[in-house]
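S.K.: The structure's right below; bear with me while I get my questions together.
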Amino acid sequence: MKKLFILSLSLLAVNVLNASELFVSKMFTDGMVLQQKIAVPIWGKATPGQAVSVTIGSQKKESIADDAGKWMVRLDPLNASAEPAKVIVSSDGKTIEINDVLVGEVWLCSGQSNMDYTLGKILRKSPR
């Protein structure tokens with residue numbers, strides 16, 4: 001009985017160690033917008049040493065996961081598009097689909113007090 005338990009545990013450990021993994025950074029989600037006209041990086045984790053491919057439209061880029069499982073590809077610059085695309089990431093028989101992806105201008109804004117500074121305030125202060 002003890003030998004059967006050890007054998008079962010060993011087989012389970014081998015399956016867990018051989019299980020392939022594939023993840024994309026949490027910042028890449030359905031409905032995202034990719035910046036146009038630059039080499040956009042996409043990254044994540046996979047089983048160390050495994051090939052990873054990223055496809056959008058007719059463009060396909062490939063990478064190999066390093067010893068820590070990290071991978072990254074840089075897409076060739078994309079033109080702006082109002083037509084939603086699909087990003088497909090695949091490795092070792094696993095696939096992740098990111099849907100409704102647009103390409104265009106991406107702007108990040110931040111601030112505190114200036115977030116409440118309206119255009120009307122600027123017009124009142126400008127010299128006439």
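Residues are named by chain letter and number: chains run A, B, ... in the order of the structure tokens, numbers start at 1 in each chain, and ligands are numbered from 1 in the order shown.
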Extract, using only C-alpha atoms, all DNA, RNA and protein residues at most 12 Å from region 83-99 of chain A, discarding same-chain residues fewer than 6 positions from it, and format them as an MDAnalysis selection string.
M.R.: chainID A and resid 18:34 42:65 69 71:73 75
S.K.: Could you pull the residues within 10 Å of Pro77 (chain A), counting only C-alpha atoms, minus those fewer than 5 positions along the same chain, as a PyMOL selection string?
M.R.: chain A and resi 34-40+103
